[in-house]
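Novice: One structure, pasted below without further comment.
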Amino acid sequence: MSNRLTSIAATCLLTFVFFIAVLSMKDDSATMDEVAHLPAGYSYLTQKDMRLNPEHPPLIKDLAAFPLLFIKNINFPSEIRAWKEDINGQWTFGFDFLYRSGNPADKMIFWGRIPMILVLILIGFYVFYWAKELFGNKAALLALFLFSFSPTFLAHGRLITTDVGAAAGSFIATYYFLKALKFPNNKRNVLLAGLTFGLAQLCKFSVILLVPFFAILALTFWLVQLGNWKNVLKIFIVVMVIGFLLIGPFYQYHVLNYPSERQARDTEFLLSSHPIRFLGPLLAKIARIPILRSYGQYLLGLSLVFQRGIGGHTTYFLGEISAAGWKNYFPVVYSIKVPLAFHLLTIISLLYAAFLVKKPFWKNTFQRTKDWMRLHFPEFAMIIFILIYWAFSLVANLNIGVRHLLPAFPFTILLVSGTIVDILEKESFLKLKYLLLMVLLLWQALSVLSIYPHFLAYFNELAGGPDKGFIFTVDSNLDWGQDLKRLEKWVIEQKIDKIYVDYFGGGDAQYYLKERFVSWEGGRPKEEFPRGNYLAVSSTFLQGGRGSPVIGFDQPHGYYRWLDNNALITKIGYSIFIYYIFPDPCLRILP
């Protein structure tokens, strides 16, 4: 395939990603994290004050909030308690800013998501570009196709969250770091490696894993004699210095109007339960030093992420409720949230790689591995990143979505694409291999497109599809609050005057449903629910109230099992369950 034709095909795929992302997100209400991220980003740009949402770096939020600067008459509620007095009152402030201050919430959310889609396009471009550089045109188009029909990228690349940004930062920074190692005398590559490393750190704190990852790559690069140790060490140090120097002035803008004494007080309070007891007082002292306070704010966010990773998060998984997480969570979720066609391509690639080890693996293993690494160092780097990222994900107690694995996705796609094309280029069974590949790609495309526009709720055939996904897992794997506007549409179409709602997400049910809305909380006794009414429950709350507690879980549970004996009327976009509670349980007649 010619370079011109390859470029045209790649442009078509990226254009497809842009338009399907825009069209599929326009009817989505705000998801849970968006109600914190977008208002926080707007506060950074307009107030130069980072008191909100410090547990995430500011870059992605800044990008999302930038289009809002061109929307006239946005009211910033600077006099409310959540801004003036609360410590990190991000949730209250977010809801007030979007829904209770006279601002055009839907318009702000729509335009805030456009830069996120551009970040999605950027990572798609680099997936194509790097695959083409390593494996050629066929592999580049295959990799871009698999990326373009990745339901996880399509779902989260349209939302104001940090996960796709983290994937883009990790992937692009790794590309330029390997370039810098390979061409140590090219100052441009070293500079780009440092800048992209720094920008990656400003996307999400989990990207701090690039530090040990780059150290491993640098050491291995020298050990396999691909570079002089002095050059390798110099490049590693320069990249780290450039990256972390970039963080300082970037954060400095975000604390310009954040009173240092308030920053210190907030820091000490937020870290009061951190397992490293001296961390709060130490960072509070740093916050009072003008030249260091930007790094104090950065280190606060980094510390909060480690604190949350250790502490966990209450969630539902496979019929259970836990705050400490499950070791099998990510393997199971990955197996059911990624298309089966891609799993088959991955298995074929692994079997082929094993087949290439022709001699017994225990004979001359060291030299053979060293020789392979010399010839395939980028592939080695990708494998190491995948292993590191998966290892830390399995150890962490934070089990709230496959999105946390996204930084490993582009590396996996590249490795699979390169291996599959290598298989195709072998002369035997050529037509059969191409036919099988076309079938798998068509299967993946149809599987993903069939769920449009509900990409967040994608589950593959192993799970029984999106309709059965709630049985396995909820939260950002299925229900992040994206269907509230669709609930509003359904209520209007059904001419329902009143509906009780227990909603999980970043929307405001009263803002959309107005006088039809009545609040309901799952923990209330079922006897308090007035029979003869509709109840809309987000599946995250529904399954959380149905699951069995793991040993040691001491929070309320089982409070929604009574709904099993009532009529499930419909589901809104797979995530909101509508029940009708009959006036007389013995006479089940719908109104």
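In the structure tokens, chains take letters A, B, ... by order of appearance, with residues numbered from 1 within each chain and ligands from 1 in the order shown.
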For the helix (DSSP H, G or I) assignment from backbone DSSP, which residues of region 57-150 of chain A qualify? Please present them as a ChimeraX atom specification.

Specialist: /A:59-70,81-84,90-99,105-135,137-148

Novice: Can you build me a table of region 268-337 of chain A residues sitting at most 12 Å from region 473-488 of chain A, with the closest atom pair per residue and its distance in Å to one decimal, using only C-alpha atoms, sorted by chain and residue number, as CSV?

Specialist:
residue,atom,partner,partner_atom,distance
A:His313,CA,A:Asp475,CA,10.9
A:Thr314,CA,A:Asp475,CA,10.2
A:Thr315,CA,A:Asp475,CA,7.5
A:Tyr316,CA,A:Thr473,CA,6.0
A:Phe317,CA,A:Thr473,CA,4.8
A:Leu318,CA,A:Thr473,CA,6.4
A:Gly319,CA,A:Thr473,CA,8.4
A:Glu320,CA,A:Thr473,CA,9.6
A:Ile321,CA,A:Thr473,CA,10.4
A:Tyr329,CA,A:Thr473,CA,9.3
A:Phe330,CA,A:Thr473,CA,10.9
A:Val332,CA,A:Thr473,CA,9.7
A:Val333,CA,A:Thr473,CA,7.7
A:Tyr334,CA,A:Asn477,CA,10.2
A:Ile336,CA,A:Thr473,CA,10.0
A:Lys337,CA,A:Asn477,CA,7.8

Novice: Keeping only C-alpha atoms, write the selected residues as a compact mmCIF listing (two decimals), in the first residue's frame.

Specialist:
# COMPACT_ATOMS: atom_id res chain seq x y z
CA HIS A 313 -13.39 3.13 46.97
CA THR A 314 -16.70 1.43 47.72
CA THR A 315 -17.97 -0.30 44.59
CA TYR A 316 -19.89 -3.28 43.23
CA PHE A 317 -18.29 -6.23 41.42
CA LEU A 318 -19.64 -9.69 40.61
CA GLY A 319 -22.42 -9.54 43.19
CA GLU A 320 -20.23 -8.17 46.00
CA ILE A 321 -19.66 -4.80 47.64
CA TYR A 329 -11.10 -6.98 39.21
CA PHE A 330 -9.01 -5.64 36.32
CA VAL A 332 -12.20 -9.72 34.63
CA VAL A 333 -13.22 -6.20 33.62
CA TYR A 334 -10.63 -6.09 30.84
CA ILE A 336 -15.49 -8.26 29.23
CA LYS A 337 -15.01 -4.57 28.32

Novice: From the list A:Leu233, A:Leu462, A:Val224, A:Ser575, which residue is nearest Asp371 (chain A) when using only C-alpha atoms?

Specialist: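 Closest to Asp371 (chain A) of all the choices is A:Val224.
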
Novice: Which of region 258-497 of chain A counts as strand (DSSP E) under DSSP, as number ranges by chain please?

Specialist: A: 315-317, 320-322

Novice: Include C-alpha atoms and write out the residues we just selected as a PDB file, in the first residue's frame.

Specialist:
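Ended up saving to part39.pdb:
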ATOM      1  CA  THR A 315     -17.968  -0.301  44.590  1.00  0.00           C
ATOM      2  CA  TYR A 316     -19.893  -3.280  43.235  1.00  0.00           C
ATOM      3  CA  PHE A 317     -18.293  -6.225  41.415  1.00  0.00           C
ATOM      4  CA  GLU A 320     -20.233  -8.170  46.001  1.00  0.00           C
ATOM      5  CA  ILE A 321     -19.657  -4.802  47.643  1.00  0.00           C
ATOM      6  CA  SER A 322     -16.227  -3.810  48.877  1.00  0.00           C
TER       7      SER A 322
END

Novice: Report, in Å with one decimal, the straight-line distance from CA of Leu535 (chain A) to CA of Tyr512 (chain A).

Specialist: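 Value for the CA of Leu535 (chain A)-CA of Tyr512 (chain A) distance: 16.0 Å.
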
Novice: Need to verify the contact set: region 340-349 of chain A, 6 Å, only C-alpha atoms, exclusion of same-chain residues closer than 6 positions in sequence. Can you return it as a list in words?

Specialist: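 Residues meeting the cut-off are Val416, Thr419, Leu440 and Gln444 of chain A.
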
Novice: Save the residues we just selected, C-alpha atoms, as a PDB file, in the first residue's frame?

Specialist:
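Once written, selection03.pdb looks like this:
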ATOM      1  CA  VAL A 416      -0.743  -6.807  18.355  1.00  0.00           C
ATOM      2  CA  THR A 419       2.647  -9.140  15.122  1.00  0.00           C
ATOM      3  CA  LEU A 440     -12.381 -10.229  12.988  1.00  0.00           C
ATOM      4  CA  GLN A 444     -15.168  -5.634  16.110  1.00  0.00           C
TER       5      GLN A 444
END

Novice: Just the residues within 12 Å of Ala139 (chain A), please, counting only C-alpha atoms, with nothing from its chain fewer than 5 positions along; format it as a PyMOL selection string.

Specialist: chain A and resi 1+6+10+127-134+144-146+413-425

Novice: Would you mind listing what lies within 8 Å of Val22 (chain A) as a list in words, with only C-alpha atoms counted and same-chain residues fewer than 6 positions away left out?

Specialist: Ile114, Ile117 and Arg158 of chain A

Novice: Report the distance between CA of Leu141 (chain A) and CA of Leu432 (chain A) in Å, rounded to one decimal place.

Specialist: 19.7 Å

Novice: Could you jot down the CA of Leu256 (chain A) to CA of Ala200 (chain A) separation for me, Å, one decimal place?

Specialist: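 Between CA of Leu256 (chain A) and CA of Ala200 (chain A) the gap works out to 22.4 Å.
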
Novice: Which is closest to Leu387 (chain A) among A:Leu209, A:Pro290, A:Tyr42, A:Arg546, if we use only C-alpha atoms?

Specialist: A:Leu209

Novice: So that I can check the surroundings of Phe529 (chain A), please list as a count of residues only every protein, DNA and RNA residue that reaches within 12 Å of it, counting only C-alpha atoms and ignoring chain neighbours fewer than 5 positions away.

Specialist: 19

Novice: With a distance cut-off of 9 Å and only C-alpha atoms, select the neighbouring residues of Ser206 (chain A), excluding the residue or stretch itself and same-chain residues fewer than 2 positions from it, and output the selection as a PyMOL selection string.

Specialist: chain A and resi 166+201+203-204+208-210+302+305-306

Novice: Go through A:Leu394, A:Ala284, A:Ala168, A:Val239 and flag the residue nearest Arg188 (chain A), using only C-alpha atoms for the distances.

Specialist: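 Between A:Leu394, A:Ala284, A:Ala168, A:Val239, the residue approaching Arg188 (chain A) most closely is A:Val239.
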
Novice: With distances taken over only C-alpha atoms, which residue among A:Pro378, A:Pro281, A:Pro530, A:Pro57 lies nearest Thr174 (chain A)?

Specialist: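 Using only C-alpha atoms, Thr174 (chain A) sits closest to A:Pro378.
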